[in-house]
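Coordinates from my_file11.txt are shown below (compact mmCIF, C-alpha atoms (C1' of nucleotides)).
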```txt
# COMPACT_ATOMS: atom_id res chain seq x y z
CA MET A 385 -7.69 44.19 42.76
CA ASN A 386 -6.44 46.69 45.29
CA GLN A 387 -7.56 50.26 45.52
CA THR A 388 -4.89 51.79 43.41
CA ARG A 389 -6.06 55.11 42.05
CA ARG A 390 -9.25 53.86 40.48
CA ASP A 391 -10.36 56.13 37.71
CA VAL A 392 -13.25 55.95 35.34
CA PHE A 393 -11.10 55.37 32.27
CA GLN A 394 -9.52 52.36 33.82
CA ALA A 395 -12.86 51.08 35.06
CA ILE A 396 -14.42 51.08 31.61
CA SER A 397 -11.40 49.56 29.92
CA ASP A 398 -12.65 46.07 30.61
CA PRO A 399 -15.37 44.75 28.28
CA THR A 400 -17.06 42.81 31.04
CA ARG A 401 -17.40 45.96 33.09
CA ARG A 402 -18.86 47.81 30.14
CA GLU A 403 -21.39 45.01 29.81
CA ILE A 404 -22.25 45.29 33.48
CA ILE A 405 -22.75 48.99 32.99
CA GLY A 406 -25.09 48.23 30.13
CA LEU A 407 -27.08 45.85 32.26
CA LEU A 408 -27.37 48.10 35.28
CA ALA A 409 -28.23 51.11 33.19
CA ARG A 410 -31.45 49.41 32.20
CA HIS A 411 -32.41 48.06 35.57
CA SER A 412 -30.79 47.65 38.91
CA LEU A 413 -30.00 44.09 39.87
CA ASN A 414 -28.60 42.17 42.74
CA LEU A 415 -25.24 40.51 42.39
CA ASN A 416 -26.48 37.06 41.43
CA LYS A 417 -28.71 38.48 38.74
CA VAL A 418 -25.78 40.30 37.26
CA ALA A 419 -23.60 37.22 37.44
CA ASP A 420 -26.28 35.21 35.64
CA HIS A 421 -25.51 37.18 32.50
CA PHE A 422 -21.95 35.93 32.38
CA THR A 423 -20.20 32.62 32.12
CA MET A 424 -17.58 33.59 34.64
CA SER A 425 -17.92 32.91 38.33
CA ARG A 426 -19.87 35.10 40.72
CA PRO A 427 -16.79 36.21 42.64
CA ALA A 428 -15.27 37.41 39.38
CA VAL A 429 -18.34 39.49 38.63
CA ALA A 430 -18.34 40.75 42.20
CA LYS A 431 -14.81 42.02 41.74
CA HIS A 432 -15.77 43.86 38.60
CA ILE A 433 -18.66 45.45 40.42
CA ARG A 434 -16.38 46.46 43.24
CA ILE A 435 -14.14 48.24 40.76
CA LEU A 436 -17.13 50.00 39.30
CA THR A 437 -18.18 51.15 42.74
CA GLU A 438 -14.68 52.36 43.54
CA CYS A 439 -14.96 54.97 40.83
CA GLY A 440 -18.59 55.73 41.53
CA LEU A 441 -20.14 54.26 38.40
CA VAL A 442 -22.11 51.75 40.42
CA ILE A 443 -23.70 52.17 43.80
CA VAL A 444 -24.25 49.16 45.98
CA GLN A 445 -26.59 48.88 48.90
CA THR A 446 -27.09 45.84 51.02
CA ARG A 447 -30.70 44.93 51.58
CA GLY A 448 -31.23 41.91 53.70
CA ARG A 449 -29.02 39.23 52.30
CA GLU A 450 -28.69 40.69 48.88
CA THR A 451 -26.47 43.29 47.33
CA TYR A 452 -28.47 45.64 45.26
CA CYS A 453 -26.47 47.26 42.46
CA GLN A 454 -27.50 50.34 40.60
CA ALA A 455 -25.72 52.35 37.99
CA ASP A 456 -24.79 55.96 38.54
CA LEU A 457 -23.16 56.89 35.30
CA LYS A 458 -22.58 60.57 35.80
CA GLY A 459 -18.90 59.70 35.82
CA LEU A 460 -19.12 58.86 32.14
CA LYS A 461 -19.58 62.51 31.38
CA GLN A 462 -15.88 62.93 31.98
CA VAL A 463 -15.14 60.27 29.39
CA SER A 464 -17.49 61.76 26.85
CA GLU A 465 -16.03 65.19 27.33
CA TRP A 466 -12.48 63.98 27.06
CA ALA A 467 -13.18 62.11 23.83
CA ASN A 468 -15.12 65.01 22.40
CA THR A 469 -12.06 67.18 22.84
CA TYR A 470 -10.74 65.38 19.79
CA GLN A 471 -13.96 65.43 17.84
CA GLU A 472 -12.22 67.29 15.05
CA PHE A 473 -10.47 64.07 14.21
CA TRP A 474 -13.61 62.30 13.15
CA ASN A 475 -15.68 65.29 12.22
CA ASP A 476 -14.26 65.94 8.80
CA LYS A 477 -15.90 69.30 8.37
CA LEU A 478 -13.85 70.75 11.17
CA ASP A 479 -10.32 71.93 11.28
CA ALA A 480 -9.02 69.99 8.35
CA LEU A 481 -6.76 72.92 7.73
CA GLU A 482 -5.40 73.01 11.22
CA ARG A 483 -4.58 69.36 11.07
CA LEU A 484 -2.97 69.63 7.68
CA LEU A 485 -0.64 72.28 8.99
CA ASP A 486 0.29 69.96 11.74
CA GLU A 487 0.94 66.97 9.58
CA ASP A 488 3.60 69.01 7.88
CA PRO A 489 6.96 67.40 8.60
CA SER A 490 8.50 70.81 9.13
CA ASP A 491 6.71 70.98 12.45
CA GLU A 492 8.64 68.11 13.76
CA ASN A 493 11.30 70.08 15.56
CA LEU A 494 9.02 71.71 18.09
CA MET B 380 2.98 44.38 26.18
CA ASN B 381 1.96 41.70 23.71
CA GLN B 382 -0.58 42.16 21.01
CA THR B 383 -3.58 40.82 22.80
CA ARG B 384 -6.70 42.24 21.26
CA ARG B 385 -5.85 45.87 21.69
CA ASP B 386 -8.96 47.95 21.86
CA VAL B 387 -9.38 51.68 22.17
CA PHE B 388 -10.92 51.56 25.62
CA GLN B 389 -7.95 49.72 26.98
CA ALA B 390 -5.53 52.00 25.17
CA ILE B 391 -6.94 55.14 26.73
CA SER B 392 -7.16 53.66 30.20
CA ASP B 393 -3.61 54.72 30.99
CA PRO B 394 -3.11 58.38 31.93
CA THR B 395 0.28 58.55 30.26
CA ARG B 396 -1.26 57.42 27.00
CA ARG B 397 -3.99 60.00 27.28
CA GLU B 398 -1.29 62.60 27.76
CA ILE B 399 0.52 61.36 24.68
CA ILE B 400 -2.71 61.65 22.76
CA GLY B 401 -3.04 65.22 23.97
CA LEU B 402 0.46 66.01 22.81
CA LEU B 403 0.18 64.43 19.41
CA ALA B 404 -3.21 65.92 18.78
CA ARG B 405 -1.63 69.35 18.78
CA HIS B 406 1.41 68.53 16.73
CA SER B 407 3.12 65.43 15.47
CA LEU B 408 6.40 64.64 17.13
CA ASN B 409 9.17 62.14 16.91
CA LEU B 410 9.66 59.68 19.72
CA ASN B 411 12.32 61.61 21.61
CA LYS B 412 10.24 64.75 21.58
CA VAL B 413 7.35 62.85 23.06
CA ALA B 414 9.58 61.27 25.67
CA ASP B 415 10.89 64.68 26.67
CA HIS B 416 7.49 65.46 28.13
CA PHE B 417 7.73 62.66 30.64
CA THR B 418 9.98 61.68 33.48
CA MET B 419 9.90 58.02 32.53
CA SER B 420 12.42 56.47 30.20
CA ARG B 421 12.22 56.65 26.44
CA PRO B 422 11.59 52.90 26.03
CA ALA B 423 8.64 53.21 28.37
CA VAL B 424 7.17 55.96 26.25
CA ALA B 425 7.90 53.95 23.13
CA LYS B 426 5.87 51.08 24.51
CA HIS B 427 2.94 53.35 25.18
CA ILE B 428 3.13 54.66 21.66
CA ARG B 429 3.22 51.15 20.33
CA ILE B 430 0.03 50.36 22.17
CA LEU B 431 -1.57 53.47 20.72
CA THR B 432 -0.57 52.40 17.24
CA GLU B 433 -1.92 48.91 17.80
CA CYS B 434 -5.40 50.31 18.10
CA GLY B 435 -4.91 52.90 15.39
CA LEU B 436 -4.93 56.02 17.54
CA VAL B 437 -1.40 56.87 16.54
CA ILE B 438 0.31 56.38 13.23
CA VAL B 439 4.05 56.00 13.11
CA GLN B 440 6.26 56.44 10.12
CA THR B 441 9.99 56.05 10.08
CA ARG B 442 11.77 58.89 8.40
CA GLY B 443 15.50 58.58 8.33
CA ARG B 444 16.59 57.74 11.80
CA GLU B 445 13.54 59.07 13.50
CA THR B 446 10.11 57.77 14.28
CA TYR B 447 7.52 60.32 13.40
CA CYS B 448 4.33 59.95 15.42
CA GLN B 449 1.03 61.47 14.51
CA ALA B 450 -2.36 61.15 16.09
CA ASP B 451 -5.30 59.68 14.23
CA LEU B 452 -8.06 59.94 16.75
CA LYS B 453 -11.01 58.79 14.72
CA GLY B 454 -11.06 55.77 17.00
CA LEU B 455 -12.17 57.99 19.85
CA LYS B 456 -15.50 58.38 18.17
CA GLN B 457 -16.34 54.92 19.39
CA VAL B 458 -15.59 55.98 22.95
CA SER B 459 -17.61 59.13 22.68
CA GLU B 460 -20.55 57.28 21.26
CA TRP B 461 -20.44 54.60 23.89
CA ALA B 462 -20.33 57.11 26.71
CA ASN B 463 -23.07 59.19 25.15
CA THR B 464 -25.33 56.17 25.25
CA TYR B 465 -25.64 56.91 28.93
CA GLN B 466 -25.98 60.62 28.60
CA GLU B 467 -29.31 60.45 30.38
CA PHE B 468 -27.41 59.79 33.56
CA TRP B 469 -25.78 63.16 33.64
CA ASN B 470 -28.33 65.09 31.69
CA ASP B 471 -30.85 65.70 34.42
CA LYS B 472 -33.59 66.93 32.17
CA LEU B 473 -33.88 63.57 30.51
CA ASP B 474 -35.53 60.43 31.63
CA ALA B 475 -35.58 61.19 35.31
CA LEU B 476 -38.86 59.33 35.36
CA GLU B 477 -37.55 56.30 33.62
CA ARG B 478 -34.69 56.06 36.03
CA LEU B 479 -36.91 56.53 39.03
CA LEU B 480 -39.02 53.63 37.94
CA ASP B 481 -35.93 51.57 37.73
CA GLU B 482 -34.58 52.51 41.09
CA ASP B 483 -37.70 51.01 42.58
CA PRO B 484 -36.71 47.98 44.61
CA SER B 485 -39.69 46.05 43.25
CA ASP B 486 -37.82 45.77 39.99
CA GLU B 487 -35.15 43.72 41.52
CA ASN B 488 -36.52 40.36 40.52
CA LEU B 489 -36.13 40.82 36.79
C1' DT C 1273 35.51 58.73 8.64
C1' DA C 1274 34.72 59.05 13.48
C1' DT C 1275 31.09 60.52 16.39
C1' DA C 1276 26.64 61.70 17.91
C1' DA C 1277 21.62 61.12 17.71
C1' DA C 1278 17.48 58.37 17.46
C1' DT C 1279 15.56 54.31 18.16
C1' DG C 1280 14.53 49.20 18.32
C1' DA C 1281 14.98 45.09 20.91
C1' DA C 1282 15.81 42.15 24.61
C1' DA C 1283 15.97 40.79 29.27
C1' DC C 1284 14.35 41.60 33.46
C1' DC C 1285 11.30 43.04 37.51
C1' DA C 1286 7.44 44.06 40.73
C1' DT C 1287 2.85 44.40 40.87
C1' DA C 1288 -1.84 44.69 38.98
C1' DC C 1289 -5.45 42.15 36.65
C1' DG C 1290 -8.81 38.81 35.80
C1' DG C 1291 -9.97 34.72 36.92
C1' DT C 1292 -10.64 30.42 39.94
C1' DT C 1293 -12.05 27.40 44.06
C1' DT C 1294 -13.14 26.90 48.73
C1' DC C 1295 -15.14 28.17 52.87
C1' DC C 1296 -17.88 30.99 56.04
C1' DA C 1297 -21.80 33.94 57.62
C1' DA C 1298 -26.13 35.91 57.53
C1' DA C 1299 -30.95 36.19 55.87
C1' DA C 1300 -35.02 34.06 54.10
C1' DA C 1301 -37.85 30.37 53.21
C1' DA C 1302 -39.64 25.49 54.02
C1' DT D 626 -35.48 24.87 63.05
C1' DT D 627 -33.35 23.02 59.11
C1' DT D 628 -32.17 24.36 54.68
C1' DT D 629 -31.57 27.49 50.84
C1' DT D 630 -30.17 31.65 48.96
C1' DT D 631 -27.02 35.36 48.69
C1' DG D 632 -22.79 36.99 48.84
C1' DG D 633 -18.29 38.25 51.35
C1' DA D 634 -13.45 36.85 51.97
C1' DA D 635 -9.33 34.51 51.37
C1' DA D 636 -5.92 32.03 49.00
C1' DC D 637 -4.19 31.05 44.88
C1' DC D 638 -2.77 31.23 39.79
C1' DG D 639 -1.13 32.63 35.14
C1' DT D 640 -0.51 36.49 32.47
C1' DA D 641 -0.53 41.42 31.36
C1' DT D 642 1.12 45.91 32.55
C1' DG D 643 4.26 49.47 33.19
C1' DG D 644 8.50 50.27 34.11
C1' DT D 645 13.76 49.68 34.05
C1' DT D 646 18.70 49.00 32.06
C1' DT D 647 21.68 47.52 28.58
C1' DC D 648 23.13 46.85 23.99
C1' DA D 649 23.01 46.94 18.96
C1' DT D 650 21.81 49.36 14.70
C1' DT D 651 20.99 52.87 11.62
C1' DT D 652 21.33 57.56 10.05
C1' DA D 653 23.18 62.25 10.34
C1' DT D 654 26.65 65.31 11.29
C1' DA D 655 31.48 67.26 12.33
```
Turn this file's structure into structure tokens for me.
Amino acid sequence: MNQTRRDVFQAISDPTRREIIGLLARHSLNLNKVADHFTMSRPAVAKHIRILTECGLVIVQTRGRETYCQADLKGLKQVSEWANTYQEFWNDKLDALERLLDEDPSDENL
Amino acid sequence: MNQTRRDVFQAISDPTRREIIGLLARHSLNLNKVADHFTMSRPAVAKHIRILTECGLVIVQTRGRETYCQADLKGLKQVSEWANTYQEFWNDKLDALERLLDEDPSDENL
DNA sequence: TATAAATGAAACCATACGGTTTCCAAAAAA
DNA sequence: TTTTTTGGAAACCGTATGGTTTCATTTATA
């Protein structure tokens, strides 16, 4: 749970963190409220939230005794854009030809 | 490196695997050709490719003595769609109001 | 046929990950 | 001022991850 190079792709790889994102996107919540949505312990949820903050997807501010968590999902733009780079693969109308050329075994010695 | 439930989000969380995807999207390659693009060992690359196949992003077919790898990135649609769910967060024109309402501290007891 | 190329498989390793429990501190509420 | 509430922090644990080296096997090639 150290601060290795925390990037957005790694942050969203965990289903629990994607759920947290879903929660916080709708309304900001303090830590306990977030944890209430899960069966796992509060510290576990807190660690997930910390990871989300480390890559900027969640912003935390302490108010009194509580930790107020809000989503800031601008970072997901990067993910969307990266995936869309390969849109041709699921958008059948596009570039079928290009891909066919490439599936040709004769390309294999490149 | 076991077959836990391999999902696309986890598969793309590793930068090396995203690079492999980038390579194979342009042209299919056999394992050694893929490995040539990296400084790590061939077995390491092979493991990454295995993970990519486990979630369907890469298809492998053995031809003679070589392992021919091709991308099948339809699975990235899921990623794109998930990220786009939160498009409002980076598309400033949209829903600024809705989000402002939500950033209001008085919401915190939901 | 002997040799080289391409790869799978196994064993191993250090560290990251995802979780737990326990304890402590600070605010808020009774 | 006790007592909750809220959550940070630490220690720990089992397993997954990402890498290595070594060896065996299969297929082409000289």
Set the cut-off to 12 Å and count all atoms listed in the file: what are the residues of chain B that reach chain C? Output as a ChimeraX atom specification. /B:409-412,414,421-422,424-426,429,441-447
Using all atoms listed in the file, find each residue of chain D with at least one atom at most 7 Å away from an atom of chain B; report its shortest atom-to-atom pair and that distance in Å (one decimal), sort the rows by chain and rising residue number, and return the result as a Markdown table.
```
| residue | atom | partner | partner_atom | distance |
| --- | --- | --- | --- | --- |
| D:DA641 | C1' | B:Met380 | CA | 6.9 |
| D:DT642 | C1' | B:Met380 | CA | 6.8 |
| D:DG644 | C1' | B:Ala423 | CA | 6.5 |
| D:DT651 | C1' | B:Arg444 | CA | 6.6 |
| D:DT652 | C1' | B:Arg444 | CA | 5.1 |
```
May I have the residues of chain A within 6 Å of chain B, counting all atoms listed in the file, written as a VMD selection string? chain A and resid 393 to 394 397 411 413 457 to 458 460 464 467 473 to 474 486 492
Got time to write the residues from that selection, C-alpha atoms, as a PDB file, in the frame of the given file?
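Writing done, so here's selection_20.pdb:
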```
ATOM      1  CA  PHE A 393     -11.100  55.370  32.270  1.00  0.00           C
ATOM      2  CA  GLN A 394      -9.520  52.360  33.820  1.00  0.00           C
ATOM      3  CA  SER A 397     -11.400  49.560  29.920  1.00  0.00           C
ATOM      4  CA  HIS A 411     -32.410  48.060  35.570  1.00  0.00           C
ATOM      5  CA  LEU A 413     -30.000  44.090  39.870  1.00  0.00           C
ATOM      6  CA  LEU A 457     -23.160  56.890  35.300  1.00  0.00           C
ATOM      7  CA  LYS A 458     -22.580  60.570  35.800  1.00  0.00           C
ATOM      8  CA  LEU A 460     -19.120  58.860  32.140  1.00  0.00           C
ATOM      9  CA  SER A 464     -17.490  61.760  26.850  1.00  0.00           C
ATOM     10  CA  ALA A 467     -13.180  62.110  23.830  1.00  0.00           C
ATOM     11  CA  PHE A 473     -10.470  64.070  14.210  1.00  0.00           C
ATOM     12  CA  TRP A 474     -13.610  62.300  13.150  1.00  0.00           C
ATOM     13  CA  ASP A 486       0.290  69.960  11.740  1.00  0.00           C
ATOM     14  CA  GLU A 492       8.640  68.110  13.760  1.00  0.00           C
TER      15      GLU A 492
END
```
To one decimal place in Å, what is the distance between atom CA of Cys434 of chain B and atom CA of Arg385 of chain B?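 These two atoms are separated by 5.7 Å.
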Could you please determine the separation between atom C1' of DT631 of chain D and atom CA of Phe422 of chain A in Å, to one decimal place? 17.1 Å
What box, with edges along x, y and z, holds each listed atom of segment 646-651 of chain D when 3 Å is added on every side, and can you state its centre and edge lengths in Å to one decimal, as JSON?
```
{"center_x": 20.9, "center_y": 49.9, "center_z": 21.8, "size_x": 10.4, "size_y": 12.0, "size_z": 26.4}
```
Find the distance between atom C1' of DT640 of chain D and atom CA of Glu438 of chain A and write it in Å to one decimal.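 For atom C1' of DT640 of chain D relative to atom CA of Glu438 of chain A, the distance reads 24.0 Å.
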